[in-house]
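Below is one structure, written out as structure tokens; comments come after it.
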Amino acid sequence: MRNPASMCLVLLMFAASIGDAPAAAPEASDWVETPYSGIRLIAGAMHGDTLEVGVQIRMKPGWKTYWKVPGDSGVPPFFDWSRSSNVASARILYPAPKRYVDQYATAIGYKDEVVFPVQLTQVSKAMPTIAKVTVAYAVCSDICLPASADLTLNLAKAPRATTTSSALIARYRKKVPATDAKESHPRIASARVTGSGKDARLMLEVDQKAGSPDVEIFVEGPPEFYFAEPRRQPQSGLDGTARYSMAVDGVTSSDTLNGRKLLFTVVGDQGALEQQLPVN
């Protein structure tokens with residue numbers, strides 16, 4: 001549950017880049033360094049009409065940054081591609097995150113390193129494409145430090161052959177939740193809410209093989225609701241269905257969420273699945 005006292009201490013000044021970064025290769029921008037992280041833009045492969053790039057963030061050991069839903073504290077990353085040349089749209093892909101729980105708060109995100117694959121749609125293949133992005137993010141350990149960077153990469157100069165950068169992007173793209181379920185994917189069969197106020201729970205039925213380990217479940221919904229860590233219920237999974245319970249903030253009655261669609265990310269040992277499901 002959210003507790004204002006558990007929020008990370010966020011410093012008011014953005015961490016400035018420091019030092020002289022080494023010259024960037026054609027497949028990567030210069031690193032922008034902060035005291036606890038570094039960030040750069042790397043070039044990927046061409047997929048049909050789409051150019052792929054990656055926003056790479058490296059952190060000092062033990063430091064983490066956030067997913068698009070950051071947990072009960074923290075800040076989701078922000079990306080602005082509006083200064084790019086010959087880019088009609090940019091689609092950010094988010095690798096499946098992890099949940100980090102300590103005595104103060106729950107954070108959802110990534111430790112040590114993450115690459116966000118980005119699919120850029122060009123206005124014209126005949127024109128040079130220059131990717132420019134402003135990124136605002138936060139890195140946290142015992143405290144949270146905001147950071148920002150302006151990154152530029154001339155994709156006309158980027159190599160088209162497989163490179164270290166394109167291979168790295170491909171590795172993180174494989175961690176992005178699938179939207180089409182395979183037989184091996186655990187998936188949510190139903191969602192319903194019981195109780196209200198402090199007793200409100202989101203009850204989930206998950207199609208999951210008997211004896212398989214617990215899955216992680218992340219929920220995206222209306223901003224007035226907060227979904228806590230899922231708990232697997234005793235004796236679940238014996239019939240091929242595991243039952244999970246999640247405490248929910250913001251529910252005033254048991255039918256508050258009825259009919260509302262929630263976006264679930266289910267992460268198991270066979271991969272991750274993203275699915276949208278209404279609450280019944």
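Letters A, B, ... mark the chains of the structure tokens in the order given; residue numbers begin at 1 per chain; ligand numbers begin at 1, in order shown.
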Would you give me, as a tab-separated table, each residue of region 92-207 of chain A having an atom within 10 Å of an atom of region 28-39 of chain A, along with its shortest atom pair and that distance in Å to one decimal, using only C-alpha atoms and sorting by chain and residue number?
```
residue	atom	partner	partner_atom	distance
A:Asp112	CA	A:Ser37	CA	8.9
A:Glu113	CA	A:Ser37	CA	9.1
A:Val114	CA	A:Ile39	CA	9.8
A:Val115	CA	A:Ile39	CA	9.6
A:Val135	CA	A:Ile39	CA	9.0
A:Ala138	CA	A:Ser37	CA	9.4
A:Val139	CA	A:Ser37	CA	7.4
A:Cys140	CA	A:Tyr36	CA	8.9
A:Ser141	CA	A:Tyr36	CA	9.6
A:Leu145	CA	A:Tyr36	CA	8.5
A:Pro146	CA	A:Thr34	CA	9.7
A:Ala147	CA	A:Thr34	CA	7.2
A:Ser148	CA	A:Val32	CA	8.8
A:Ala149	CA	A:Val32	CA	6.5
A:Asp150	CA	A:Val32	CA	8.3
A:Leu151	CA	A:Ser29	CA	6.7
A:Thr152	CA	A:Ser29	CA	6.2
A:Leu153	CA	A:Ser29	CA	5.5
A:Asn154	CA	A:Ser29	CA	8.5
A:Leu155	CA	A:Ala28	CA	9.3
A:Ala158	CA	A:Ala28	CA	8.1
A:Ser165	CA	A:Ala28	CA	7.6
```
- Near-Ser196 (chain A) list (9 Å; only C-alpha atoms; drop same-chain fewer than 5 positions) as a ChimeraX atom specification: /A:201,248-256
Preceding selection exported with C-alpha atoms as a PDB file, in the first residue's frame:
```
ATOM      1  CA  ARG A 201      -8.789  -7.294  -3.250  1.00  0.00           C
ATOM      2  CA  VAL A 248      -6.128  -2.457  -4.225  1.00  0.00           C
ATOM      3  CA  ASP A 249      -6.221   1.187  -3.110  1.00  0.00           C
ATOM      4  CA  GLY A 250      -9.053   3.371  -4.397  1.00  0.00           C
ATOM      5  CA  VAL A 251     -11.946   0.873  -4.389  1.00  0.00           C
ATOM      6  CA  THR A 252     -14.997   2.351  -2.653  1.00  0.00           C
ATOM      7  CA  SER A 253     -17.303  -0.603  -3.339  1.00  0.00           C
ATOM      8  CA  SER A 254     -16.971  -4.117  -4.743  1.00  0.00           C
ATOM      9  CA  ASP A 255     -18.349  -3.003  -8.129  1.00  0.00           C
ATOM     10  CA  THR A 256     -16.110   0.096  -8.483  1.00  0.00           C
TER      11      THR A 256
END
```
- Message: Report as a PyMOL selection string all protein, DNA and RNA residues lying within 9 Å of region 276-278 of chain A, evaluated on only C-alpha atoms, omitting residues in the same chain fewer than 5 positions from it.
- Response: chain A and resi 188-192+257-265
- Task: Report the distance between CA of Thr65 (chain A) and CA of Ala107 (chain A) in Å, rounded to one decimal place.
- Result: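 Value for the CA of Thr65 (chain A)-CA of Ala107 (chain A) distance: 8.8 Å.
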- Of the residues A:Asp269, A:Glu229, A:Asp72, A:Asp214, which is the one nearest to Ser184 (chain A), using only C-alpha atoms?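 Under the stated criterion, the closest residue is A:Asp269.
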- Message: Going by DSSP on the backbone, which residues of region 149-230 of chain A come out as strand (DSSP E)? List them as a ChimeraX atom specification.
- Response: /A:149-154,187-194,201-207,216-220,226-227
- Task: Give me the residues within 6 Å of Trp81 (chain A) as a VMD selection string, counting only C-alpha atoms and dropping any in the same chain fewer than 2 places off.
- Result: chain A and resid 83 to 84 132 to 133
Keeping only C-alpha atoms, write the selected residues as an mmCIF file, in the first residue's frame.
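Saved the output as out36.cif:
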```
data_model
loop_
_atom_site.group_PDB
_atom_site.id
_atom_site.type_symbol
_atom_site.label_atom_id
_atom_site.label_comp_id
_atom_site.auth_asym_id
_atom_site.auth_seq_id
_atom_site.Cartn_x
_atom_site.Cartn_y
_atom_site.Cartn_z
ATOM 1 C CA ARG A 83 13.124 17.210 -32.269
ATOM 2 C CA SER A 84 13.964 14.224 -34.491
ATOM 3 C CA LYS A 132 16.900 13.104 -31.142
ATOM 4 C CA VAL A 133 15.354 12.335 -27.781
#
```
- Atom pair CA of Pro128 (chain A) + CA of Ser85 (chain A), distance 7.6 Å
- Close residues, Pro70 (chain A) itself excluded, 12 Å, only C-alpha atoms, min 2 positions apart in chain, as a PyMOL selection string: chain A and resi 2+7-8+64-68+72-77+97-100+105-110+137-140+218-220+226-228
- Item | helix (DSSP H, G or I) per DSSP on the backbone: members of region 33-246 of chain A, as a list in words |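 Written out, the helix (DSSP H, G or I) residues of region 33-246 of chain A are Leu155, Ala156, Lys157, Thr164, Ser165, Ser166, Ala167, Leu168, Ile169, Ala170, Arg171, Tyr172, Arg173, Gly197, Lys198 and Asp199 of chain A.
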- Query: Between A:Val87, A:Met246, A:Ile217, A:Ala178, which is the closest to Val118 (chain A) once you count only C-alpha atoms?
  - Reply: A:Val87
- Item | Near-Val206 (chain A) list (8 Å; only C-alpha atoms; drop same-chain fewer than 2 positions) as a PyMOL selection string | chain A and resi 186-190+204+208+241-244
Now that the selection is made, can you save its residues with N, CA and C atoms as a tab-separated table (two decimals), in the first residue's frame?
```tsv
chain	number	residue	atom	x	y	z
A	186	PRO	N	1.85	-18.53	-18.93
A	186	PRO	CA	0.75	-18.40	-17.97
A	186	PRO	C	-0.11	-17.20	-18.39
A	187	ARG	N	-1.42	-17.32	-18.28
A	187	ARG	CA	-2.27	-16.19	-18.65
A	187	ARG	C	-3.43	-16.08	-17.68
A	188	ILE	N	-3.92	-14.87	-17.53
A	188	ILE	CA	-5.03	-14.61	-16.61
A	188	ILE	C	-6.34	-14.99	-17.28
A	189	ALA	N	-7.10	-15.84	-16.61
A	189	ALA	CA	-8.39	-16.28	-17.15
A	189	ALA	C	-9.52	-15.37	-16.71
A	190	SER	N	-9.45	-14.83	-15.49
A	190	SER	CA	-10.53	-13.96	-15.01
A	190	SER	C	-9.99	-13.05	-13.92
A	204	LEU	N	-7.49	-12.97	-8.99
A	204	LEU	CA	-7.12	-13.38	-10.34
A	204	LEU	C	-7.03	-14.89	-10.44
A	208	GLN	N	-2.17	-21.90	-15.25
A	208	GLN	CA	-0.79	-22.16	-14.92
A	208	GLN	C	-0.61	-23.63	-14.62
A	241	THR	N	-5.19	-24.17	-12.48
A	241	THR	CA	-5.47	-22.75	-12.30
A	241	THR	C	-4.91	-22.30	-10.95
A	242	ALA	N	-4.08	-21.29	-10.98
A	242	ALA	CA	-3.55	-20.71	-9.75
A	242	ALA	C	-4.35	-19.46	-9.42
A	243	ARG	N	-4.55	-19.21	-8.15
A	243	ARG	CA	-5.32	-18.07	-7.70
A	243	ARG	C	-4.41	-17.08	-6.99
A	244	TYR	N	-4.52	-15.83	-7.40
A	244	TYR	CA	-3.71	-14.77	-6.81
A	244	TYR	C	-4.62	-13.66	-6.28
```
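Distance annotation: of A:Asp102, A:Met127, A:Gly71, A:Gln122, the residue with the minimal separation from Pro223 (chain A) is A:Gly71; atom set is only C-alpha atoms.
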- State, in Å with one decimal place, the distance from CA of Thr194 (chain A) to CA of Pro222 (chain A).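 Distance reported for this atom pair: 17.8 Å.
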